[in-house]
$ cat start23.txt   # compact mmCIF, C-alpha atoms
# COMPACT_ATOMS: atom_id res chain seq x y z
CA MET A 472 -16.03 4.65 24.34
CA SER A 473 -14.28 6.72 21.66
CA ASN A 474 -14.85 6.13 17.98
CA PRO A 475 -12.63 3.21 16.92
CA VAL A 476 -9.76 3.10 14.45
CA LEU A 477 -10.60 0.54 11.77
CA ILE A 478 -7.84 -1.85 10.68
CA THR A 479 -8.67 -3.68 7.46
CA GLY A 480 -6.87 -6.99 7.22
CA GLY A 481 -6.54 -6.59 10.97
CA ALA A 482 -6.34 -10.28 11.91
CA GLY A 483 -2.90 -10.61 10.30
CA SER A 484 0.39 -10.15 12.12
CA VAL A 485 0.82 -6.45 11.25
CA GLY A 486 -2.82 -5.71 12.09
CA ARG A 487 -2.46 -7.36 15.48
CA GLN A 488 0.74 -5.45 16.15
CA LEU A 489 -0.97 -2.16 15.29
CA ALA A 490 -4.02 -3.01 17.36
CA GLY A 491 -1.81 -3.45 20.42
CA MET A 492 -0.01 -0.18 19.73
CA LEU A 493 -3.26 1.76 19.32
CA LEU A 494 -4.66 0.28 22.52
CA GLU A 495 -1.51 1.45 24.31
CA ASP A 496 -2.27 4.93 22.96
CA GLY A 497 -5.71 4.80 24.59
CA LYS A 498 -7.58 4.30 21.30
CA THR A 499 -10.25 1.71 20.59
CA VAL A 500 -9.88 -0.59 17.61
CA ARG A 501 -12.21 -2.25 15.12
CA ILE A 502 -10.75 -5.25 13.29
CA PHE A 503 -12.15 -6.07 9.85
CA ASP A 504 -11.11 -9.26 8.12
CA LEU A 505 -12.39 -12.36 6.35
CA PRO A 506 -14.65 -14.64 8.44
CA PHE A 507 -12.31 -17.64 8.20
CA MET A 508 -9.35 -15.76 9.70
CA ASP A 509 -8.06 -16.54 13.18
CA PHE A 510 -9.43 -13.89 15.54
CA SER A 511 -8.18 -15.53 18.74
CA GLY A 512 -6.86 -12.99 21.21
CA LEU A 513 -8.85 -10.23 19.53
CA GLU A 514 -12.51 -11.05 20.12
CA ASP A 515 -12.18 -11.03 23.91
CA GLU A 516 -9.76 -8.09 24.11
CA GLU A 517 -11.08 -5.01 25.87
CA GLY A 518 -11.26 -2.06 23.49
CA VAL A 519 -11.32 -4.30 20.39
CA GLU A 520 -14.36 -4.88 18.20
CA VAL A 521 -14.28 -7.55 15.50
CA VAL A 522 -16.28 -7.20 12.29
CA LYS A 523 -16.11 -10.18 9.93
CA GLY A 524 -16.62 -9.53 6.24
CA ASP A 525 -15.10 -9.22 2.79
CA ILE A 526 -13.49 -6.02 1.52
CA THR A 527 -14.93 -6.73 -1.92
CA ASP A 528 -18.48 -6.68 -0.52
CA ALA A 529 -19.70 -3.07 -0.32
CA ASP A 530 -22.31 -3.83 2.36
CA SER A 531 -19.71 -5.44 4.62
CA VAL A 532 -17.44 -2.45 4.24
CA ILE A 533 -20.22 0.06 4.99
CA SER A 534 -20.84 -1.72 8.31
CA ALA A 535 -17.15 -1.82 9.13
CA VAL A 536 -16.50 1.85 8.34
CA ALA A 537 -19.52 3.41 10.03
CA GLY A 538 -18.54 5.88 12.76
CA VAL A 539 -14.81 5.24 12.75
CA SER A 540 -12.24 7.87 13.73
CA GLY A 541 -9.76 6.65 11.14
CA VAL A 542 -8.85 3.73 8.87
CA LEU A 543 -5.59 1.82 8.52
CA HIS A 544 -6.14 0.06 5.22
CA LEU A 545 -3.87 -3.01 5.20
CA ALA A 546 -6.09 -5.52 3.41
CA ALA A 547 -4.49 -6.50 0.10
CA ILE A 548 -3.26 -9.39 -2.00
CA LEU A 549 0.54 -9.28 -1.75
CA PRO A 550 3.31 -10.75 -3.90
CA PRO A 551 3.79 -13.49 -4.95
CA ASN A 552 0.05 -14.30 -4.77
CA SER A 553 -0.82 -10.98 -6.42
CA GLU A 554 0.89 -12.12 -9.61
CA LYS A 555 -1.19 -15.29 -10.03
CA ASP A 556 -4.56 -13.74 -10.89
CA ARG A 557 -4.69 -10.11 -12.01
CA ASN A 558 -8.48 -9.90 -11.88
CA PHE A 559 -8.66 -11.20 -8.31
CA THR A 560 -5.82 -8.93 -7.19
CA PHE A 561 -7.57 -5.89 -8.66
CA ARG A 562 -10.89 -6.91 -7.12
CA VAL A 563 -9.33 -6.91 -3.64
CA ASN A 564 -6.70 -4.18 -3.92
CA VAL A 565 -8.58 -1.73 -6.13
CA ASP A 566 -12.31 -2.42 -5.78
CA GLY A 567 -11.79 -3.00 -2.05
CA THR A 568 -10.16 0.41 -1.74
CA ARG A 569 -13.03 1.98 -3.66
CA ASN A 570 -15.48 0.36 -1.22
CA ILE A 571 -13.59 1.84 1.73
CA VAL A 572 -13.71 5.30 0.15
CA GLU A 573 -17.45 5.06 -0.53
CA GLY A 574 -18.07 3.72 2.97
CA LEU A 575 -16.19 6.63 4.53
CA LYS A 576 -18.14 9.14 2.48
CA ALA A 577 -21.36 7.63 3.80
CA GLY A 578 -20.47 6.82 7.39
CA ALA A 579 -17.38 8.77 8.53
CA PRO A 580 -16.57 11.53 6.03
CA GLU A 581 -13.98 13.30 8.20
CA ALA A 582 -12.03 10.18 9.18
CA PRO A 583 -8.52 9.89 7.68
CA LEU A 584 -7.75 6.89 5.49
CA VAL A 585 -4.16 5.63 5.70
CA PHE A 586 -3.44 3.67 2.55
CA THR A 587 -0.49 1.27 2.40
CA SER A 588 0.94 1.66 -1.07
CA SER A 589 4.42 0.70 -2.26
CA ILE A 590 7.63 2.15 -3.61
CA SER A 591 7.31 -0.55 -6.28
CA THR A 592 4.91 1.85 -8.03
CA TYR A 593 7.94 3.80 -9.29
CA GLY A 594 9.15 0.82 -11.32
CA ASP A 595 12.79 0.53 -12.35
CA THR A 596 14.60 3.73 -11.31
CA SER A 597 18.11 2.25 -11.28
CA GLY A 598 19.30 4.51 -14.10
CA GLU A 599 18.37 7.72 -12.27
CA ASN A 600 19.99 9.86 -9.61
CA PRO A 601 18.77 9.05 -6.09
CA PRO A 602 16.99 9.72 -3.89
CA ILE A 603 13.62 9.01 -5.53
CA THR A 604 11.01 11.61 -4.55
CA VAL A 605 7.23 11.25 -4.25
CA ASP A 606 6.66 13.33 -7.38
CA HIS A 607 8.51 10.76 -9.48
CA SER A 608 6.42 9.19 -12.25
CA GLN A 609 4.96 5.75 -11.61
CA GLY A 610 5.45 2.74 -13.85
CA ALA A 611 4.51 -0.69 -12.57
CA ILE A 612 6.56 -3.74 -13.51
CA ASP A 613 4.22 -6.21 -11.78
CA VAL A 614 0.51 -6.70 -11.04
CA TYR A 615 0.82 -5.69 -7.38
CA ALA A 616 2.35 -2.30 -8.19
CA ASP A 617 -0.23 -1.75 -10.92
CA SER A 618 -3.02 -2.40 -8.41
CA LYS A 619 -1.50 0.05 -5.93
CA ILE A 620 -1.22 2.77 -8.57
CA ALA A 621 -4.91 2.25 -9.36
CA GLY A 622 -5.78 2.41 -5.66
CA GLU A 623 -3.85 5.66 -5.24
CA LYS A 624 -5.72 7.19 -8.18
CA ILE A 625 -9.04 6.42 -6.48
CA LEU A 626 -7.90 8.24 -3.34
CA LEU A 627 -6.38 11.21 -5.14
CA ALA A 628 -9.62 11.77 -7.06
CA SER A 629 -11.77 11.43 -3.94
CA GLU A 630 -12.73 13.89 -1.23
CA VAL A 631 -11.62 11.67 1.66
CA ASN A 632 -8.79 12.63 3.99
CA TYR A 633 -6.27 10.19 2.55
CA ILE A 634 -2.70 9.58 3.68
CA ILE A 635 -0.71 7.52 1.17
CA LEU A 636 2.35 5.65 2.42
CA ARG A 637 4.60 4.22 -0.29
CA VAL A 638 6.40 1.61 1.78
CA ALA A 639 9.83 0.20 0.89
CA SER A 640 10.75 -3.49 1.05
CA ILE A 641 10.18 -4.62 4.62
CA ALA A 642 12.96 -6.36 6.57
CA VAL A 643 11.52 -8.83 9.07
CA PRO A 644 13.88 -10.00 11.84
CA GLY A 645 13.75 -13.78 11.81
CA PHE A 646 15.31 -16.93 10.43
CA LEU A 647 14.23 -16.80 6.80
CA GLU A 648 14.83 -18.78 3.64
CA PRO A 649 16.53 -16.54 1.04
CA PRO A 650 14.35 -15.79 -1.98
CA GLU A 651 15.40 -17.09 -5.39
CA PRO A 652 16.02 -14.77 -7.00
CA TRP A 653 16.47 -11.77 -4.75
CA PRO A 654 14.22 -8.95 -6.06
CA PHE A 655 17.19 -6.81 -7.19
CA THR A 656 20.55 -7.07 -8.91
CA ALA A 657 23.83 -7.22 -7.00
CA ALA A 658 24.74 -3.63 -7.98
CA GLN A 659 21.28 -2.13 -7.48
CA ARG A 660 20.61 0.48 -4.79
CA VAL A 661 18.48 -0.98 -2.00
CA GLU A 662 16.89 0.82 0.96
CA MET A 663 14.68 -1.43 3.06
CA ILE A 664 12.87 -0.65 6.30
CA HIS A 665 12.45 -2.48 9.59
CA ARG A 666 9.02 -4.04 10.09
CA ASP A 667 8.52 -2.17 13.37
CA ASP A 668 9.36 1.18 11.76
CA VAL A 669 6.54 0.56 9.28
CA ALA A 670 4.21 -0.04 12.21
CA ASP A 671 5.38 3.23 13.81
CA ALA A 672 4.69 5.14 10.58
CA LEU A 673 1.16 3.72 10.39
CA ARG A 674 0.51 4.40 14.05
CA ASN A 675 1.77 7.98 13.81
CA ALA A 676 -0.29 8.69 10.68
CA VAL A 677 -3.58 8.11 12.52
CA GLY A 678 -5.01 11.42 13.66
CA ASN A 679 -2.01 13.35 12.33
CA GLU A 680 -3.42 16.47 10.71
CA LYS A 681 -0.06 17.34 9.12
CA ALA A 682 -0.17 14.09 7.15
CA VAL A 683 -3.65 14.45 5.65
CA ARG A 684 -3.91 14.50 1.83
CA LYS A 685 -0.20 13.86 1.42
CA VAL A 686 1.88 11.13 -0.20
CA PHE A 687 4.97 9.86 1.61
CA ASN A 688 7.87 7.58 0.90
CA VAL A 689 8.40 5.34 3.92
CA ALA A 690 11.87 3.76 3.97
CA GLY A 691 14.61 3.01 6.48
CA GLY A 692 16.80 6.08 6.16
CA ASN A 693 20.50 6.63 5.54
CA SER A 694 21.82 3.60 7.45
CA TRP A 695 19.69 1.31 5.27
CA ARG A 696 21.12 2.61 1.99
CA LEU A 697 23.05 -0.36 0.63
CA THR A 698 23.60 -2.20 -2.62
CA GLY A 699 21.90 -5.51 -3.23
CA LYS A 700 25.27 -7.25 -2.85
CA ASP A 701 25.92 -5.55 0.52
CA TYR A 702 22.55 -6.63 1.90
CA VAL A 703 22.68 -10.19 0.59
CA GLU A 704 26.26 -10.82 1.74
CA ASP A 705 25.35 -9.60 5.23
CA PHE A 706 22.30 -11.88 5.20
CA PHE A 707 24.27 -14.97 4.22
CA ASN A 708 27.07 -14.20 6.68
CA VAL A 709 24.57 -13.90 9.53
CA MET A 710 22.86 -17.12 8.49
CA GLY A 711 26.20 -18.91 8.22
CA ALA A 712 25.56 -19.93 4.62
CA PRO A 713 27.91 -19.61 1.62
CA VAL A 714 27.36 -16.35 -0.24
CA ASP A 715 27.81 -18.03 -3.61
CA MET A 716 24.36 -19.56 -3.10
CA ALA A 717 22.80 -16.12 -3.70
CA VAL A 718 20.74 -15.71 -6.86
CA TYR A 719 20.04 -12.15 -8.08
CA ARG A 720 17.66 -10.79 -10.69
CA ASP A 721 19.07 -10.56 -14.19
CA SER A 722 17.64 -7.05 -14.62
CA PRO A 723 16.95 -4.32 -12.03
CA GLY A 724 13.82 -4.59 -9.93
CA TRP A 725 12.03 -1.71 -8.26
CA ASN A 726 14.29 -1.13 -5.24
CA ASP A 727 16.24 2.13 -4.84
CA TRP A 728 17.09 4.86 -2.31
CA TYR A 729 14.25 7.22 -1.34
CA ASP A 730 13.67 10.77 -0.17
CA THR A 731 12.08 10.35 3.27
CA GLU A 732 12.87 13.76 4.76
CA GLU A 733 9.25 14.92 4.94
CA SER A 734 7.81 11.58 6.02
CA GLN A 735 10.34 11.27 8.85
CA LYS A 736 9.68 14.85 9.96
CA ILE A 737 5.91 14.29 10.16
CA LEU A 738 5.61 10.59 11.04
CA LYS A 739 8.79 10.11 13.14
CA TYR A 740 9.20 6.43 12.37
CA GLN A 741 12.89 5.83 11.52
CA ASN A 742 13.69 4.44 14.93
CA ARG A 743 15.67 1.31 14.04
CA SER A 744 18.90 1.48 12.07
CA TYR A 745 20.24 -1.17 9.75
CA GLU A 746 22.83 -1.99 12.41
CA TYR A 747 20.01 -2.56 14.92
CA TYR A 748 18.34 -4.96 12.49
CA SER A 749 21.62 -6.74 11.79
CA ASP A 750 22.23 -7.20 15.52
CA GLN A 751 18.72 -8.59 15.91
CA MET A 752 19.35 -11.10 13.14
CA LYS A 753 22.65 -12.19 14.70
CA ALA A 754 20.97 -12.67 18.10
CA ILE A 755 18.17 -14.74 16.56
CA VAL A 756 20.62 -17.05 14.78
CA GLU A 757 22.84 -17.37 17.86
CA GLU A 758 19.84 -18.30 19.99
CA MET A 759 18.78 -20.96 17.47
CA MET A 760 22.28 -22.41 17.33
CA ALA A 761 22.52 -22.50 21.12
CA GLY A 762 19.15 -24.23 21.42
$ encode --input "start23.txt" --output "structure tokens"
Amino acid sequence: MSNPVLITGGAGSVGRQLAGMLLEDGKTVRIFDLPFMDFSGLEDEEGVEVVKGDITDADSVISAVAGVSGVLHLAAILPPNSEKDRNFTFRVNVDGTRNIVEGLKAGAPEAPLVFTSSISTYGDTSGENPPITVDHSQGAIDVYADSKIAGEKILLASEVNYIILRVASIAVPGFLEPPEPWPFTAAQRVEMIHRDDVADALRNAVGNEKAVRKVFNVAGGNSWRLTGKDYVEDFFNVMGAPVDMAVYRDSPGWNDWYDTEESQKILKYQNRSYEYYSDQMKAIVEEMMAG
């Protein structure tokens, strides 16, 4: 059996999706997640190894990382939970990343580490000319972004074969309650990305020598470049709800349009246009209404 690809936070929906994709590629997978997570459908799957532990516990991480061929580091505290307790968020998102780095140095020094960061690390760029490039300065406006900046710094100062993906806001096809407020103003530039395109970027980063020790913006591409008002009005129209219910931020958030030329060239992940996503959403709502 080949050396496995480790997926931290692998019992979640994205981790499961990636595990299936990697198995299709003929790779073996090691899932690392908290002991109380639901591992059903993983523990008995051929080619999948489950390691239960805590990313904040260095000994657990050393066991999980030993002998891997690569790491997809998904484990993190995400918004809005990340904003409730800064110390806890940093313990998981920053100290956990440090544990992965130290574990790799000890048990798999050549294995690439794919780190899921965020375009939120750029802060408010609404007053600048797009697209935003990876060499743009970082300035967090929330705890989550601050933790991701700190995690990136650990990787950049290390000797591991990191691949940093700064992922845009993820659009998930499904019947969803609109957030209040939306994380942008009506006039703000917004470029999201389809959930499955994010999975493709992660999948295509594993074992990709051209991606090693690089930082990428990962966003939807030209068809996803909208304003907040465009996106929200489409959302409400699809859901069949009055647009005047929409509540926007009073000041710009961290969304914008991004330079993804290099990331698309190397990772080949922009496979689903905004129109594709919109059609998916319409089909989901129509199916619900018919049922």
$ closest_residue --input "start23.txt" --among "A:Phe586, A:Phe559, A:Tyr748, A:Tyr719" --to "A:Ile478" --atoms "only C-alpha atoms"
A:Phe586
$ axis_aligned_box --input "start23.txt" --around "stretch 729-737 of chain A" --padding-each-side "4 Å" --output "AutoDock Vina command-line options"
--center_x 10.1 --center_y 11.1 --center_z 4.4 --size_x 16.3 --size_y 15.7 --size_z 19.5
$ closest_residue --input "start23.txt" --among "A:Asn558, A:Asn600, A:Ser511, A:Asn688" --to "A:Gly483" --atoms "all atoms listed in the file"
A:Ser511
$ closest_residue --input "start23.txt" --among "A:Asn632, A:Gln751, A:Gln735, A:Asn708" --to "A:Arg684" --atoms "all atoms listed in the file"
A:Asn632
$ atom_distance --input "start23.txt" --atom1 "atom CA of A:Asp606" --atom2 "atom CA of A:Asn679"
21.5 Å
$ atom_distance --input "start23.txt" --atom1 "atom CA of A:Val677" --atom2 "atom CA of A:Asp515"
23.9 Å
$ residues_around --input "start23.txt" --residues "A:Val614" --least-positions-apart "5" --cutoff "8 Å" --atoms "all atoms listed in the file" --output "PDB file with C-alpha atoms, in the frame of the given file"
ATOM      1  CA  SER A 553      -0.820 -10.980  -6.420  1.00  0.00           C
ATOM      2  CA  GLU A 554       0.890 -12.120  -9.610  1.00  0.00           C
ATOM      3  CA  ARG A 557      -4.690 -10.110 -12.010  1.00  0.00           C
ATOM      4  CA  THR A 560      -5.820  -8.930  -7.190  1.00  0.00           C
TER       5      THR A 560
END
$ atom_distance --input "start23.txt" --atom1 "atom CA of A:Leu673" --atom2 "atom CA of A:Ala547"
15.6 Å
$ build_atoms --input "start23.txt" --residues "stretch 661-691 of chain A" --atoms "N, CA and C atoms" --output "PDB file, in the frame of the given file"
ATOM      1  N   VAL A 661      19.557  -0.369  -2.785  1.00  0.00           N
ATOM      2  CA  VAL A 661      18.480  -0.980  -2.000  1.00  0.00           C
ATOM      3  C   VAL A 661      18.367  -0.243  -0.665  1.00  0.00           C
ATOM      4  N   GLU A 662      17.159   0.215  -0.353  1.00  0.00           N
ATOM      5  CA  GLU A 662      16.890   0.820   0.960  1.00  0.00           C
ATOM      6  C   GLU A 662      15.616   0.173   1.515  1.00  0.00           C
ATOM      7  N   MET A 663      15.815  -0.748   2.436  1.00  0.00           N
ATOM      8  CA  MET A 663      14.680  -1.430   3.060  1.00  0.00           C
ATOM      9  C   MET A 663      14.231  -0.654   4.296  1.00  0.00           C
ATOM     10  N   ILE A 664      13.354  -1.268   5.065  1.00  0.00           N
ATOM     11  CA  ILE A 664      12.870  -0.650   6.300  1.00  0.00           C
ATOM     12  C   ILE A 664      12.503  -1.750   7.284  1.00  0.00           C
ATOM     13  N   HIS A 665      12.787  -1.518   8.542  1.00  0.00           N
ATOM     14  CA  HIS A 665      12.450  -2.480   9.590  1.00  0.00           C
ATOM     15  C   HIS A 665      10.935  -2.591   9.732  1.00  0.00           C
ATOM     16  N   ARG A 666      10.463  -3.802   9.916  1.00  0.00           N
ATOM     17  CA  ARG A 666       9.020  -4.040  10.090  1.00  0.00           C
ATOM     18  C   ARG A 666       8.408  -3.139  11.147  1.00  0.00           C
ATOM     19  N   ASP A 667       9.095  -2.958  12.271  1.00  0.00           N
ATOM     20  CA  ASP A 667       8.520  -2.170  13.370  1.00  0.00           C
ATOM     21  C   ASP A 667       8.509  -0.678  13.061  1.00  0.00           C
ATOM     22  N   ASP A 668       9.409  -0.220  12.197  1.00  0.00           N
ATOM     23  CA  ASP A 668       9.360   1.180  11.760  1.00  0.00           C
ATOM     24  C   ASP A 668       8.137   1.427  10.876  1.00  0.00           C
ATOM     25  N   VAL A 669       7.769   0.431  10.071  1.00  0.00           N
ATOM     26  CA  VAL A 669       6.540   0.560   9.280  1.00  0.00           C
ATOM     27  C   VAL A 669       5.338   0.696  10.211  1.00  0.00           C
ATOM     28  N   ALA A 670       5.304  -0.120  11.243  1.00  0.00           N
ATOM     29  CA  ALA A 670       4.210  -0.040  12.210  1.00  0.00           C
ATOM     30  C   ALA A 670       4.166   1.339  12.873  1.00  0.00           C
ATOM     31  N   ASP A 671       5.334   1.892  13.201  1.00  0.00           N
ATOM     32  CA  ASP A 671       5.380   3.230  13.810  1.00  0.00           C
ATOM     33  C   ASP A 671       4.839   4.286  12.846  1.00  0.00           C
ATOM     34  N   ALA A 672       5.180   4.172  11.569  1.00  0.00           N
ATOM     35  CA  ALA A 672       4.690   5.140  10.580  1.00  0.00           C
ATOM     36  C   ALA A 672       3.171   5.086  10.484  1.00  0.00           C
ATOM     37  N   LEU A 673       2.614   3.879  10.448  1.00  0.00           N
ATOM     38  CA  LEU A 673       1.160   3.720  10.390  1.00  0.00           C
ATOM     39  C   LEU A 673       0.501   4.274  11.642  1.00  0.00           C
ATOM     40  N   ARG A 674       1.054   3.927  12.770  1.00  0.00           N
ATOM     41  CA  ARG A 674       0.510   4.400  14.050  1.00  0.00           C
ATOM     42  C   ARG A 674       0.525   5.927  14.111  1.00  0.00           C
ATOM     43  N   ASN A 675       1.612   6.532  13.683  1.00  0.00           N
ATOM     44  CA  ASN A 675       1.770   7.980  13.810  1.00  0.00           C
ATOM     45  C   ASN A 675       1.033   8.758  12.721  1.00  0.00           C
ATOM     46  N   ALA A 676       0.511   8.035  11.716  1.00  0.00           N
ATOM     47  CA  ALA A 676      -0.290   8.690  10.680  1.00  0.00           C
ATOM     48  C   ALA A 676      -1.728   8.893  11.141  1.00  0.00           C
ATOM     49  N   VAL A 677      -2.190   8.031  12.052  1.00  0.00           N
ATOM     50  CA  VAL A 677      -3.580   8.110  12.520  1.00  0.00           C
ATOM     51  C   VAL A 677      -3.781   9.385  13.335  1.00  0.00           C
ATOM     52  N   GLY A 678      -4.716  10.193  12.925  1.00  0.00           N
ATOM     53  CA  GLY A 678      -5.010  11.420  13.660  1.00  0.00           C
ATOM     54  C   GLY A 678      -3.973  12.506  13.516  1.00  0.00           C
ATOM     55  N   ASN A 679      -3.076  12.373  12.545  1.00  0.00           N
ATOM     56  CA  ASN A 679      -2.010  13.350  12.330  1.00  0.00           C
ATOM     57  C   ASN A 679      -2.455  14.330  11.250  1.00  0.00           C
ATOM     58  N   GLU A 680      -2.882  15.506  11.664  1.00  0.00           N
ATOM     59  CA  GLU A 680      -3.420  16.470  10.710  1.00  0.00           C
ATOM     60  C   GLU A 680      -2.386  16.930   9.682  1.00  0.00           C
ATOM     61  N   LYS A 681      -1.105  16.911  10.052  1.00  0.00           N
ATOM     62  CA  LYS A 681      -0.060  17.340   9.120  1.00  0.00           C
ATOM     63  C   LYS A 681       0.143  16.346   7.978  1.00  0.00           C
ATOM     64  N   ALA A 682      -0.369  15.125   8.163  1.00  0.00           N
ATOM     65  CA  ALA A 682      -0.170  14.090   7.150  1.00  0.00           C
ATOM     66  C   ALA A 682      -1.308  14.002   6.147  1.00  0.00           C
ATOM     67  N   VAL A 683      -2.442  14.621   6.461  1.00  0.00           N
ATOM     68  CA  VAL A 683      -3.650  14.450   5.650  1.00  0.00           C
ATOM     69  C   VAL A 683      -3.468  14.995   4.238  1.00  0.00           C
ATOM     70  N   ARG A 684      -3.945  14.200   3.269  1.00  0.00           N
ATOM     71  CA  ARG A 684      -3.910  14.500   1.830  1.00  0.00           C
ATOM     72  C   ARG A 684      -2.478  14.695   1.323  1.00  0.00           C
ATOM     73  N   LYS A 685      -1.578  13.859   1.878  1.00  0.00           N
ATOM     74  CA  LYS A 685      -0.200  13.860   1.420  1.00  0.00           C
ATOM     75  C   LYS A 685       0.232  12.445   1.048  1.00  0.00           C
ATOM     76  N   VAL A 686       1.267  12.392   0.218  1.00  0.00           N
ATOM     77  CA  VAL A 686       1.880  11.130  -0.200  1.00  0.00           C
ATOM     78  C   VAL A 686       3.296  11.094   0.355  1.00  0.00           C
ATOM     79  N   PHE A 687       3.654   9.976   0.987  1.00  0.00           N
ATOM     80  CA  PHE A 687       4.970   9.860   1.610  1.00  0.00           C
ATOM     81  C   PHE A 687       5.708   8.618   1.123  1.00  0.00           C
ATOM     82  N   ASN A 688       7.012   8.749   0.957  1.00  0.00           N
ATOM     83  CA  ASN A 688       7.870   7.580   0.900  1.00  0.00           C
ATOM     84  C   ASN A 688       8.172   7.155   2.333  1.00  0.00           C
ATOM     85  N   VAL A 689       8.095   5.860   2.590  1.00  0.00           N
ATOM     86  CA  VAL A 689       8.400   5.340   3.920  1.00  0.00           C
ATOM     87  C   VAL A 689       9.493   4.279   3.751  1.00  0.00           C
ATOM     88  N   ALA A 690      10.719   4.650   4.110  1.00  0.00           N
ATOM     89  CA  ALA A 690      11.870   3.760   3.970  1.00  0.00           C
ATOM     90  C   ALA A 690      12.792   3.952   5.171  1.00  0.00           C
ATOM     91  N   GLY A 691      13.828   3.112   5.255  1.00  0.00           N
ATOM     92  CA  GLY A 691      14.610   3.010   6.480  1.00  0.00           C
ATOM     93  C   GLY A 691      15.471   4.193   6.844  1.00  0.00           C
TER      94      GLY A 691
END
